[in-house]
Amino acid sequence: MTYDEHNPRTKPGSTASVDWTEATIRYALKQEVPPSKILLVIAGYGWDWDTAAGKAKYSSYEELMGQKTKYKAKVQWDSRSQTPHFDYVDEEQHSHQVWFENSDSLRFKLDLVEKYNLRGIGIWRLGLEDPMYWTTIPEKIKVKK
């Protein structure tokens with residue numbers, strides 16, 4: 001499972017940075033788990049931290065894009081974690097930080113599946129993901145026979 005690097009118990013940040021994801025894979029391989037038995041489980045959602053209230057909730061890609069549009073937020077790319085994020089201020093004047101996964105961040109995780117010759121991927125929770133996942137996955141992962 002390579003998600004929730006940052007979560008309601010941590011400060012705001014990426015759901016799963018590429019370095020953290022790769023470290024998790026390397027840890028599993030050091031435990032002598034063969035790559036052919038490893039599925040890289042990735043997030044299909046994001047976290048919206050209300051920094052004023054000190055709490056976070058996970059939301060679907062669709063919900064987060066609705067927040068982005070509603071508050072006219074600009075999505076930024078974090079080159080360290082290889083994930084997108086944006087900030088906004090709500091009607092109660094609470095500042096929010098949103099970190100999420102999209103098809104661009106997914107590409108970096110799929111590169112790791114190929115790099116380590118893993119069995120494949122899983123997505124937690126289906127239905128919450130960026131719809132473009134379903135175009136990106138077959139572009140990056142070849143079916144193993």
# chains A, B, ... in the order shown; residues from 1 in each chain; ligands from 1
call {"tool": "residues_around", "arguments": {"residues": "Thr69 (chain A)", "least_positions_apart": "6", "cutoff": "12 Å", "atoms": "only C-alpha atoms", "output": "number ranges by chain"}}
result
A: 62-63, 75, 86-88
call {"tool": "residues_around", "arguments": {"residues": "Ser103 (chain A)", "least_positions_apart": "4", "cutoff": "12 Å", "atoms": "only C-alpha atoms", "output": "list in words"}}
result
Ile42, Ala43, Gly44, Tyr45, Tyr61, Gln82, Thr83, Pro84, Arg107, Phe108, Lys109, Leu110, Glu129, Asp130, Pro131, Met132, Tyr133, Trp134, Thr135, Thr136, Ile137, Pro138, Glu139 and Lys140 of chain A
call {"tool": "write_last_selection", "arguments": {"atoms": "N, CA and C atoms", "output": "CSV table (one decimal), in the first residue's frame"}}
result
chain,number,residue,atom,x,y,z
A,42,ILE,N,-2.1,2.1,-5.2
A,42,ILE,CA,-2.0,3.5,-5.2
A,42,ILE,C,-3.3,4.2,-4.9
A,43,ALA,N,-3.2,5.5,-4.6
A,43,ALA,CA,-4.4,6.2,-4.2
A,43,ALA,C,-5.2,6.7,-5.4
A,44,GLY,N,-6.5,6.7,-5.3
A,44,GLY,CA,-7.3,7.3,-6.3
A,44,GLY,C,-8.0,8.5,-5.8
A,45,TYR,N,-7.6,9.1,-4.8
A,45,TYR,CA,-8.2,10.2,-4.1
A,45,TYR,C,-7.2,11.3,-3.6
A,61,TYR,N,-11.4,12.7,-6.8
A,61,TYR,CA,-10.8,13.7,-7.7
A,61,TYR,C,-11.9,14.6,-8.2
A,82,GLN,N,6.4,14.9,-7.0
A,82,GLN,CA,5.8,14.5,-8.3
A,82,GLN,C,4.3,14.3,-8.1
A,83,THR,N,3.6,15.3,-7.4
A,83,THR,CA,2.2,15.3,-7.2
A,83,THR,C,1.6,16.7,-7.3
A,84,PRO,N,0.3,16.8,-7.7
A,84,PRO,CA,-0.3,18.1,-7.8
A,84,PRO,C,-0.9,18.5,-6.4
A,107,ARG,N,1.6,8.4,-13.6
A,107,ARG,CA,2.7,8.0,-14.5
A,107,ARG,C,4.0,7.7,-13.8
A,108,PHE,N,4.3,8.5,-12.8
A,108,PHE,CA,5.6,8.3,-12.0
A,108,PHE,C,5.5,7.0,-11.2
A,109,LYS,N,4.3,6.7,-10.7
A,109,LYS,CA,4.2,5.4,-9.9
A,109,LYS,C,4.2,4.2,-10.9
A,110,LEU,N,3.6,4.4,-12.0
A,110,LEU,CA,3.7,3.3,-13.0
A,110,LEU,C,5.1,3.1,-13.5
A,129,GLU,N,-11.0,8.1,-8.4
A,129,GLU,CA,-9.8,8.4,-9.2
A,129,GLU,C,-10.1,9.4,-10.3
A,130,ASP,N,-9.1,10.0,-10.8
A,130,ASP,CA,-9.1,10.8,-12.0
A,130,ASP,C,-9.5,9.9,-13.1
A,131,PRO,N,-10.5,10.3,-13.9
A,131,PRO,CA,-11.0,9.4,-15.0
A,131,PRO,C,-9.9,9.1,-16.0
A,132,MET,N,-8.9,10.0,-16.1
A,132,MET,CA,-7.8,9.8,-17.0
A,132,MET,C,-6.9,8.6,-16.6
A,133,TYR,N,-7.0,8.1,-15.4
A,133,TYR,CA,-6.2,6.9,-15.0
A,133,TYR,C,-6.4,5.8,-16.0
A,134,TRP,N,-7.7,5.7,-16.5
A,134,TRP,CA,-8.0,4.6,-17.4
A,134,TRP,C,-7.4,4.7,-18.8
A,135,THR,N,-6.9,5.9,-19.1
A,135,THR,CA,-6.2,6.1,-20.4
A,135,THR,C,-4.7,5.9,-20.1
A,136,THR,N,-4.2,6.4,-19.0
A,136,THR,CA,-2.8,6.3,-18.6
A,136,THR,C,-2.3,4.9,-18.3
A,137,ILE,N,-3.1,4.1,-17.6
A,137,ILE,CA,-2.7,2.8,-17.2
A,137,ILE,C,-2.3,1.9,-18.4
A,138,PRO,N,-3.2,1.8,-19.4
A,138,PRO,CA,-2.8,0.9,-20.5
A,138,PRO,C,-1.6,1.5,-21.4
A,139,GLU,N,-1.4,2.8,-21.3
A,139,GLU,CA,-0.3,3.4,-22.0
A,139,GLU,C,1.0,3.0,-21.3
A,140,LYS,N,1.0,2.9,-20.0
A,140,LYS,CA,2.3,2.7,-19.3
A,140,LYS,C,2.5,1.2,-18.9
call {"tool": "closest_residue", "arguments": {"among": "A:Tyr71, A:Tyr3, A:Tyr27, A:Tyr58", "to": "Leu106 (chain A)", "atoms": "only C-alpha atoms"}}
result
A:Tyr3
call {"tool": "residues_around", "arguments": {"residues": "Val41 (chain A)", "least_positions_apart": "4", "cutoff": "6 Å", "atoms": "only C-alpha atoms", "output": "list in words"}}
result
Met1, Thr2, Ile121, Gly122 and Ile123 of chain A
call {"tool": "select_by_dssp", "arguments": {"residues": "region 43-81 of chain A", "states": "alpha helix (DSSP H)", "output": "ChimeraX atom specification"}}
result
/A:61-70
call {"tool": "write_last_selection", "arguments": {"atoms": "C-alpha atoms", "output": "short mmCIF file (atom, residue, chain, number, x, y, z; two decimals), in the first residue's frame"}}
result
data_model
loop_
_atom_site.label_atom_id
_atom_site.label_comp_id
_atom_site.auth_asym_id
_atom_site.auth_seq_id
_atom_site.Cartn_x
_atom_site.Cartn_y
_atom_site.Cartn_z
CA TYR A 61 -10.84 13.67 -7.73
CA GLU A 62 -14.20 14.96 -8.98
CA GLU A 63 -15.00 16.63 -5.63
CA LEU A 64 -11.56 18.23 -5.46
CA MET A 65 -11.81 19.56 -9.00
CA GLY A 66 -15.17 21.05 -7.97
CA GLN A 67 -13.45 22.83 -5.07
CA LYS A 68 -10.71 24.03 -7.40
CA THR A 69 -13.29 25.51 -9.76
CA LYS A 70 -15.51 26.96 -7.03
#
call {"tool": "atom_distance", "arguments": {"atom1": "CA of Lys37 (chain A)", "atom2": "CA of Glu114 (chain A)"}}
result
13.8 Å
call {"tool": "residues_around", "arguments": {"residues": "region 32-35 of chain A", "least_positions_apart": "2", "cutoff": "9 Å", "atoms": "only C-alpha atoms", "output": "MDAnalysis selection string"}}
result
chainID A and resid 28:30 37:39 116:119
call {"tool": "closest_residue", "arguments": {"among": "A:Lys57, A:Ser79, A:Gly120, A:Arg9", "to": "Leu40 (chain A)", "atoms": "only C-alpha atoms"}}
result
A:Gly120
call {"tool": "residues_around", "arguments": {"residues": "region 12-14 of chain A", "least_positions_apart": "5", "cutoff": "10 Å", "atoms": "only C-alpha atoms", "output": "list in words"}}
result
Tyr3, Asp4, Glu5, His6, Asn7, Trp20, Gly46, Trp47, Asp48, Trp49, Asp50, Thr51, Lys55, Ala56, Asp78, Arg80, Ser81, Gln82, Thr83, Pro84, His85, His96, Gln97, Val98, Trp99, Phe100 and Glu101 of chain A
call {"tool": "closest_residue", "arguments": {"among": "A:Lys142, A:Ala52, A:Arg125, A:Leu112", "to": "Arg26 (chain A)", "atoms": "only C-alpha atoms"}}
result
A:Leu112
call {"tool": "atom_distance", "arguments": {"atom1": "CA of Gly127 (chain A)", "atom2": "CA of Ser60 (chain A)"}}
result
7.8 Å
